[in-house]
file upload.csv (CSV, C-alpha atoms)
chain,number,residue,atom,x,y,z
A,1,GLY,CA,-15.8,-3.1,10.4
A,2,ASP,CA,-14.4,-3.9,7.0
A,3,SER,CA,-11.4,-6.2,6.9
A,4,VAL,CA,-9.2,-8.3,4.6
A,5,THR,CA,-7.7,-11.6,5.6
A,6,GLN,CA,-4.8,-13.2,3.6
A,7,MET,CA,-3.1,-16.5,4.0
A,8,GLU,CA,0.0,-16.4,6.1
A,9,GLY,CA,3.4,-16.6,4.5
A,10,PRO,CA,5.9,-17.1,3.5
A,11,VAL,CA,4.8,-19.2,0.6
A,12,THR,CA,7.7,-21.1,-1.0
A,13,LEU,CA,7.3,-22.6,-4.4
A,14,SER,CA,9.6,-23.9,-7.2
A,15,GLU,CA,9.8,-22.2,-10.5
A,16,GLU,CA,6.9,-23.0,-12.9
A,17,ALA,CA,4.7,-24.1,-10.0
A,18,PHE,CA,1.0,-23.0,-9.8
A,19,LEU,CA,0.4,-20.2,-7.3
A,20,THR,CA,-2.7,-19.4,-5.2
A,21,ILE,CA,-2.7,-16.8,-2.5
A,22,ASN,CA,-6.0,-16.7,-0.7
A,23,CYS,CA,-7.8,-13.5,0.2
A,24,THR,CA,-11.2,-13.1,1.8
A,25,TYR,CA,-12.9,-10.0,2.9
A,26,THR,CA,-15.6,-8.6,5.1
A,27,ALA,CA,-17.4,-5.5,3.9
A,28,THR,CA,-20.7,-3.8,3.7
A,29,GLY,CA,-22.0,-2.7,0.3
A,30,TYR,CA,-20.0,-3.4,-2.9
A,31,PRO,CA,-16.3,-2.8,-2.4
A,32,SER,CA,-13.7,-2.8,-5.1
A,33,LEU,CA,-10.9,-5.3,-4.6
A,34,PHE,CA,-7.2,-5.0,-5.4
A,35,TRP,CA,-3.9,-6.9,-5.3
A,36,TYR,CA,-0.7,-4.9,-4.8
A,37,VAL,CA,2.8,-6.2,-5.1
A,38,GLN,CA,5.9,-5.0,-3.3
A,39,TYR,CA,9.2,-6.2,-4.8
A,40,PRO,CA,12.2,-6.2,-2.4
A,41,GLY,CA,13.4,-2.7,-1.6
A,42,GLU,CA,10.6,-1.0,-3.6
A,43,GLY,CA,7.3,0.7,-3.0
A,44,LEU,CA,3.9,-1.0,-3.8
A,45,GLN,CA,2.6,-1.4,-7.3
A,46,LEU,CA,-1.0,-2.0,-8.3
A,47,LEU,CA,-1.0,-5.5,-9.8
A,48,LEU,CA,-4.7,-5.9,-10.6
A,49,LYS,CA,-8.2,-5.0,-9.5
A,50,ALA,CA,-11.9,-5.9,-9.9
A,51,THR,CA,-14.7,-3.5,-9.2
A,52,LYS,CA,-17.8,-5.7,-9.2
A,53,ALA,CA,-18.9,-9.3,-8.6
A,54,ASP,CA,-17.6,-11.9,-11.1
A,55,ASP,CA,-15.1,-9.4,-12.6
A,56,LYS,CA,-11.7,-10.9,-13.3
A,57,GLY,CA,-8.6,-8.8,-12.9
A,58,SER,CA,-5.5,-9.9,-14.7
A,59,ASN,CA,-1.9,-8.6,-15.2
A,60,LYS,CA,1.5,-10.1,-15.9
A,61,GLY,CA,0.0,-13.6,-15.9
A,62,PHE,CA,-1.7,-13.1,-12.5
A,63,GLU,CA,-5.5,-13.4,-12.2
A,64,ALA,CA,-8.1,-12.9,-9.5
A,65,THR,CA,-11.8,-13.2,-9.7
A,66,TYR,CA,-14.2,-11.2,-7.5
A,67,ARG,CA,-16.4,-13.8,-5.8
A,68,LYS,CA,-19.2,-12.2,-3.9
A,69,GLU,CA,-20.8,-15.4,-2.8
A,70,THR,CA,-17.6,-16.6,-1.0
A,71,THR,CA,-16.3,-13.0,-0.3
A,72,SER,CA,-13.0,-14.0,-1.9
A,73,PHE,CA,-10.4,-12.6,-4.3
A,74,HIS,CA,-7.8,-15.2,-4.5
A,75,LEU,CA,-4.6,-14.5,-6.6
A,76,GLU,CA,-3.5,-17.1,-9.0
A,77,LYS,CA,-0.7,-17.7,-11.5
A,78,GLY,CA,-0.2,-20.7,-13.7
A,79,SER,CA,3.6,-20.8,-13.7
A,80,VAL,CA,5.6,-18.6,-11.4
A,81,GLN,CA,9.1,-17.3,-12.0
A,82,VAL,CA,11.9,-16.4,-9.7
A,83,SER,CA,11.2,-12.7,-10.5
A,84,ASP,CA,7.7,-13.1,-8.9
A,85,SER,CA,9.3,-13.3,-5.5
A,86,ALA,CA,7.7,-10.4,-3.6
A,87,VAL,CA,5.2,-9.5,-1.0
A,88,TYR,CA,1.6,-9.5,-2.2
A,89,PHE,CA,-1.1,-7.4,-0.5
A,90,CYS,CA,-4.9,-7.8,-0.9
A,91,ALA,CA,-6.9,-4.7,-0.3
A,92,LEU,CA,-10.4,-3.4,-0.6
A,93,SER,CA,-12.0,0.0,-1.2
A,94,ARG,CA,-15.5,0.7,-0.1
A,95,GLY,CA,-15.9,3.0,-3.1
A,96,ASP,CA,-18.1,5.5,-1.4
A,97,SER,CA,-17.0,8.9,-0.2
A,98,ASN,CA,-14.4,7.2,1.9
A,99,TYR,CA,-11.8,6.0,-0.6
A,100,GLN,CA,-9.4,4.6,1.9
A,101,LEU,CA,-7.9,1.2,1.2
A,102,ILE,CA,-8.3,-1.6,3.8
A,103,TRP,CA,-5.2,-3.7,3.7
A,104,GLY,CA,-4.5,-7.4,4.3
A,105,ALA,CA,-1.3,-8.3,6.2
A,106,GLY,CA,0.6,-9.3,3.1
A,107,THR,CA,1.9,-12.6,1.9
A,108,LYS,CA,5.5,-13.1,1.2
A,109,LEU,CA,6.2,-15.3,-1.9
A,110,ILE,CA,9.5,-17.0,-2.4
A,111,ILE,CA,10.2,-18.7,-5.7
A,112,LYS,CA,13.2,-21.1,-5.8
A,113,PRO,CA,14.9,-21.9,-9.2
B,1,SER,CA,-1.1,6.4,-13.7
B,2,ALA,CA,1.2,8.6,-11.7
B,3,VAL,CA,4.9,8.7,-11.1
B,4,ILE,CA,5.9,9.5,-7.5
B,5,SER,CA,9.3,10.3,-6.1
B,6,GLN,CA,10.3,10.6,-2.4
B,7,LYS,CA,13.2,12.2,-0.7
B,8,PRO,CA,15.2,11.1,1.1
B,9,SER,CA,15.2,7.5,0.1
B,10,ARG,CA,16.7,6.5,3.4
B,11,ASP,CA,18.2,8.2,6.5
B,12,ILE,CA,19.7,7.4,9.8
B,13,CYS,CA,18.7,9.9,12.5
B,14,GLN,CA,19.4,10.5,16.2
B,15,ARG,CA,16.6,10.3,18.7
B,16,GLY,CA,15.0,13.6,19.5
B,17,THR,CA,15.6,15.0,16.0
B,18,SER,CA,13.0,15.6,13.3
B,19,LEU,CA,13.0,14.5,9.6
B,20,THR,CA,10.9,15.9,6.8
B,21,ILE,CA,10.1,13.6,3.9
B,22,GLN,CA,9.1,15.0,0.6
B,23,CYS,CA,6.7,13.5,-1.9
B,24,GLN,CA,6.5,14.8,-5.5
B,25,VAL,CA,3.9,13.6,-8.1
B,26,ASP,CA,4.2,14.1,-11.8
B,27,SER,CA,0.6,15.2,-12.2
B,28,GLN,CA,-2.0,17.0,-10.2
B,29,VAL,CA,-3.9,14.9,-7.8
B,30,THR,CA,-6.5,15.6,-5.1
B,31,MET,CA,-5.9,12.9,-2.6
B,32,MET,CA,-2.5,12.0,-1.1
B,33,PHE,CA,-1.9,9.5,1.6
B,34,TRP,CA,1.0,8.9,4.0
B,35,TYR,CA,1.6,5.4,5.3
B,36,ARG,CA,4.0,3.7,7.7
B,37,GLN,CA,5.2,0.2,7.0
B,38,GLN,CA,7.1,-1.4,9.9
B,39,PRO,CA,9.5,-4.3,9.0
B,40,GLY,CA,7.6,-7.3,7.8
B,41,GLN,CA,4.3,-5.7,8.4
B,42,SER,CA,1.4,-4.4,6.4
B,43,LEU,CA,0.7,-0.7,5.7
B,44,THR,CA,-0.7,1.6,8.4
B,45,LEU,CA,-2.4,4.7,7.2
B,46,ILE,CA,-1.0,7.8,9.0
B,47,ALA,CA,-3.1,10.5,7.4
B,48,THR,CA,-4.9,11.7,4.3
B,49,ALA,CA,-3.7,15.0,2.9
B,50,ASN,CA,-5.9,16.9,0.6
B,51,GLN,CA,-4.8,20.2,-0.9
B,52,GLY,CA,-6.4,23.2,0.7
B,53,SER,CA,-7.5,21.5,3.9
B,54,GLU,CA,-6.0,20.2,7.1
B,55,ALA,CA,-4.7,16.6,7.0
B,56,THR,CA,-7.0,14.0,8.4
B,57,TYR,CA,-5.2,11.7,10.9
B,58,GLU,CA,-5.9,8.1,11.7
B,59,SER,CA,-6.3,6.9,15.2
B,60,GLY,CA,-3.0,6.7,17.0
B,61,PHE,CA,-1.4,9.5,14.9
B,62,VAL,CA,-1.4,13.1,15.9
B,63,ILE,CA,-0.4,16.3,14.1
B,64,ASP,CA,2.2,17.3,16.7
B,65,LYS,CA,4.1,14.1,16.0
B,66,PHE,CA,3.5,13.9,12.2
B,67,PRO,CA,2.8,17.4,10.8
B,68,ILE,CA,1.9,17.3,7.1
B,69,SER,CA,2.0,20.0,4.5
B,70,ARG,CA,0.1,20.0,1.2
B,71,PRO,CA,0.9,23.3,-0.5
B,72,ASN,CA,-0.3,22.3,-4.0
B,73,LEU,CA,-1.7,19.4,-6.0
B,74,THR,CA,1.7,17.8,-6.8
B,75,PHE,CA,3.6,18.0,-3.5
B,76,SER,CA,3.4,17.1,0.1
B,77,THR,CA,5.7,16.7,3.1
B,78,LEU,CA,5.5,14.5,6.2
B,79,THR,CA,7.6,15.4,9.2
B,80,VAL,CA,8.5,12.8,11.8
B,81,SER,CA,9.1,14.9,15.0
B,82,ASN,CA,11.0,14.2,18.1
B,83,MET,CA,12.0,10.8,16.8
B,84,SER,CA,12.5,7.7,18.9
B,85,PRO,CA,13.8,4.2,17.8
B,86,GLU,CA,10.1,3.1,17.6
B,87,ASP,CA,9.7,5.5,14.6
B,88,SER,CA,12.1,3.4,12.6
B,89,SER,CA,10.1,2.3,9.6
B,90,ILE,CA,9.4,2.7,5.9
B,91,TYR,CA,7.3,5.8,5.2
B,92,LEU,CA,5.3,5.7,2.0
B,93,CYS,CA,3.3,8.3,0.2
B,94,SER,CA,0.6,7.5,-2.3
B,95,VAL,CA,-1.8,9.2,-4.5
B,96,GLU,CA,-5.2,8.2,-5.7
B,97,THR,CA,-6.0,8.8,-9.4
B,98,ARG,CA,-9.4,7.0,-9.3
B,99,PRO,CA,-11.4,5.6,-6.4
B,100,GLY,CA,-9.4,2.9,-4.7
B,101,THR,CA,-6.5,2.9,-7.2
B,102,GLN,CA,-3.4,4.2,-5.5
B,103,TYR,CA,0.1,4.7,-6.8
B,104,PHE,CA,3.0,4.6,-4.4
B,105,GLY,CA,6.3,6.3,-4.0
B,106,PRO,CA,9.4,4.1,-3.5
B,107,GLY,CA,9.4,4.8,0.3
B,108,THR,CA,11.7,6.4,2.7
B,109,ARG,CA,13.6,4.0,5.0
B,110,LEU,CA,14.2,5.6,8.3
B,111,LEU,CA,16.4,4.3,11.1
B,112,VAL,CA,16.4,6.1,14.4
B,113,LEU,CA,19.3,5.4,16.8

call {"tool": "encode", "arguments": {"input": "upload.csv", "output": "structure tokens"}}
result
Amino acid sequence: GDSVTQMEGPVTLSEEAFLTINCTYTATGYPSLFWYVQYPGEGLQLLLKATKADDKGSNKGFEATYRKETTSFHLEKGSVQVSDSAVYFCALSRGDSNYQLIWGAGTKLIIKP
Amino acid sequence: SAVISQKPSRDICQRGTSLTIQCQVDSQVTMMFWYRQQPGQSLTLIATANQGSEATYESGFVIDKFPISRPNLTFSTLTVSNMSPEDSSIYLCSVETRPGTQYFGPGTRLLVL
């Protein structure tokens, strides 16, 4: 069945470091891909998405490119801030009549000043 | 987008009792979802609640334990019945405004003693 695999956390970086959080997926057809973020004590927020191959989603300095050849959707940011500390979830939607999201396990990101 | 509120934001309950969680959306939406998020874990879908039809439960979740109401397009409730300490979790509702794009409420943090 469809699945999403994320790199295990926690990921600890210093402020202004470059961030990559890996996400790979297994799915039939042409899923849409998402990154959600959960700040401490809050619900999840949609961070960015991509709906077809080679699309790049971007928001708040974060980017992720839908790579069908490598079935990946890695999250990147050039210079992280302490305020980026959160849990990041990669997810996919098959986009057919079943709109359920398939979730990765989440990656906790800790940014130290 | 959609703005979602949940009540209560947190509660401490005794085992054997029931708690009803409310989810209110600021716009009419067809699809609403209820999730459970155990500490440090990813999201587990409990059920999909569409207005005018019975909720659809995922494997491992049953209506007797988690009855859901969906009386209109802006409101839903989830009841956690006959609670045990294993039900301690964060319960999240979400809505889908376009395929795969979900907006989440802030969550209800439940502790069962």

call {"tool": "atom_distance", "arguments": {"input": "upload.csv", "atom1": "CA of Ala27 (chain A)", "atom2": "CA of Thr107 (chain A)"}}
result
20.7 Å

call {"tool": "closest_residue", "arguments": {"input": "upload.csv", "among": "B:Gln22, B:Pro99, B:Glu54, B:Thr48", "to": "Thr79 (chain B)", "atoms": "all atoms listed in the file"}}
result
B:Gln22

call {"tool": "atom_distance", "arguments": {"input": "upload.csv", "atom1": "CA of Gly104 (chain A)", "atom2": "CA of Thr77 (chain B)"}}
result
26.2 Å

call {"tool": "closest_atom_pairs", "arguments": {"input": "upload.csv", "of": "chain A", "to": "chain B", "cutoff": "12 Å", "atoms": "only C-alpha atoms", "output": "CSV"}}
result
residue,atom,partner,partner_atom,distance
A:Val4,CA,B:Ser42,CA,11.4
A:Thr5,CA,B:Ser42,CA,11.6
A:Gln6,CA,B:Ser42,CA,11.1
A:Glu8,CA,B:Gln41,CA,11.8
A:Gly9,CA,B:Gly40,CA,10.7
A:Pro10,CA,B:Gly40,CA,10.8
A:Pro31,CA,B:Gly100,CA,9.2
A:Ser32,CA,B:Gly100,CA,7.2
A:Leu33,CA,B:Gly100,CA,8.3
A:Phe34,CA,B:Thr101,CA,8.1
A:Trp35,CA,B:Thr101,CA,10.3
A:Tyr36,CA,B:Gln102,CA,9.5
A:Val37,CA,B:Phe104,CA,10.8
A:Gln38,CA,B:Pro106,CA,9.8
A:Tyr39,CA,B:Pro106,CA,10.4
A:Pro40,CA,B:Pro106,CA,10.7
A:Gly41,CA,B:Pro106,CA,8.1
A:Glu42,CA,B:Pro106,CA,5.2
A:Gly43,CA,B:Pro106,CA,4.0
A:Leu44,CA,B:Phe104,CA,5.7
A:Gln45,CA,B:Tyr103,CA,6.6
A:Leu46,CA,B:Tyr103,CA,7.0
A:Leu47,CA,B:Thr101,CA,10.4
A:Leu48,CA,B:Thr101,CA,9.6
A:Lys49,CA,B:Thr101,CA,8.4
A:Ala50,CA,B:Gly100,CA,10.5
A:Thr51,CA,B:Gly100,CA,9.4
A:Ala86,CA,B:Gly40,CA,11.8
A:Val87,CA,B:Gly40,CA,9.4
A:Tyr88,CA,B:Ser42,CA,10.0
A:Phe89,CA,B:Ser42,CA,7.9
A:Cys90,CA,B:Ser42,CA,10.2
A:Ala91,CA,B:Gly100,CA,9.1
A:Leu92,CA,B:Gly100,CA,7.6
A:Ser93,CA,B:Gly100,CA,5.2
A:Arg94,CA,B:Gly100,CA,8.0
A:Gly95,CA,B:Pro99,CA,6.2
A:Asp96,CA,B:Pro99,CA,8.4
A:Ser97,CA,B:Pro99,CA,9.0
A:Asn98,CA,B:Pro99,CA,9.0
A:Tyr99,CA,B:Gly100,CA,5.7
A:Gln100,CA,B:Gly100,CA,6.8
A:Leu101,CA,B:Gly100,CA,6.3
A:Ile102,CA,B:Leu43,CA,9.2
A:Trp103,CA,B:Leu43,CA,6.9
A:Gly104,CA,B:Ser42,CA,6.9
A:Ala105,CA,B:Ser42,CA,4.7
A:Gly106,CA,B:Ser42,CA,6.0
A:Thr107,CA,B:Ser42,CA,9.4
A:Lys108,CA,B:Gly40,CA,9.0

call {"tool": "atom_distance", "arguments": {"input": "upload.csv", "atom1": "CA of Pro39 (chain B)", "atom2": "CA of Ile12 (chain B)"}}
result
15.5 Å

call {"tool": "closest_residue", "arguments": {"input": "upload.csv", "among": "B:Gln38, B:Ser59, B:Asn50, B:Gln6", "to": "Asp87 (chain B)", "atoms": "all atoms listed in the file"}}
result
B:Gln38

call {"tool": "residues_near_point", "arguments": {"input": "upload.csv", "point": "(13.0, 11.2, 10.2)", "cutoff": "8 Å", "atoms": "all atoms listed in the file", "output": "JSON, numbers by chain"}}
result
{"B": [11, 12, 13, 17, 18, 19, 20, 21, 79, 80, 81, 83, 87, 110, 111, 112]}
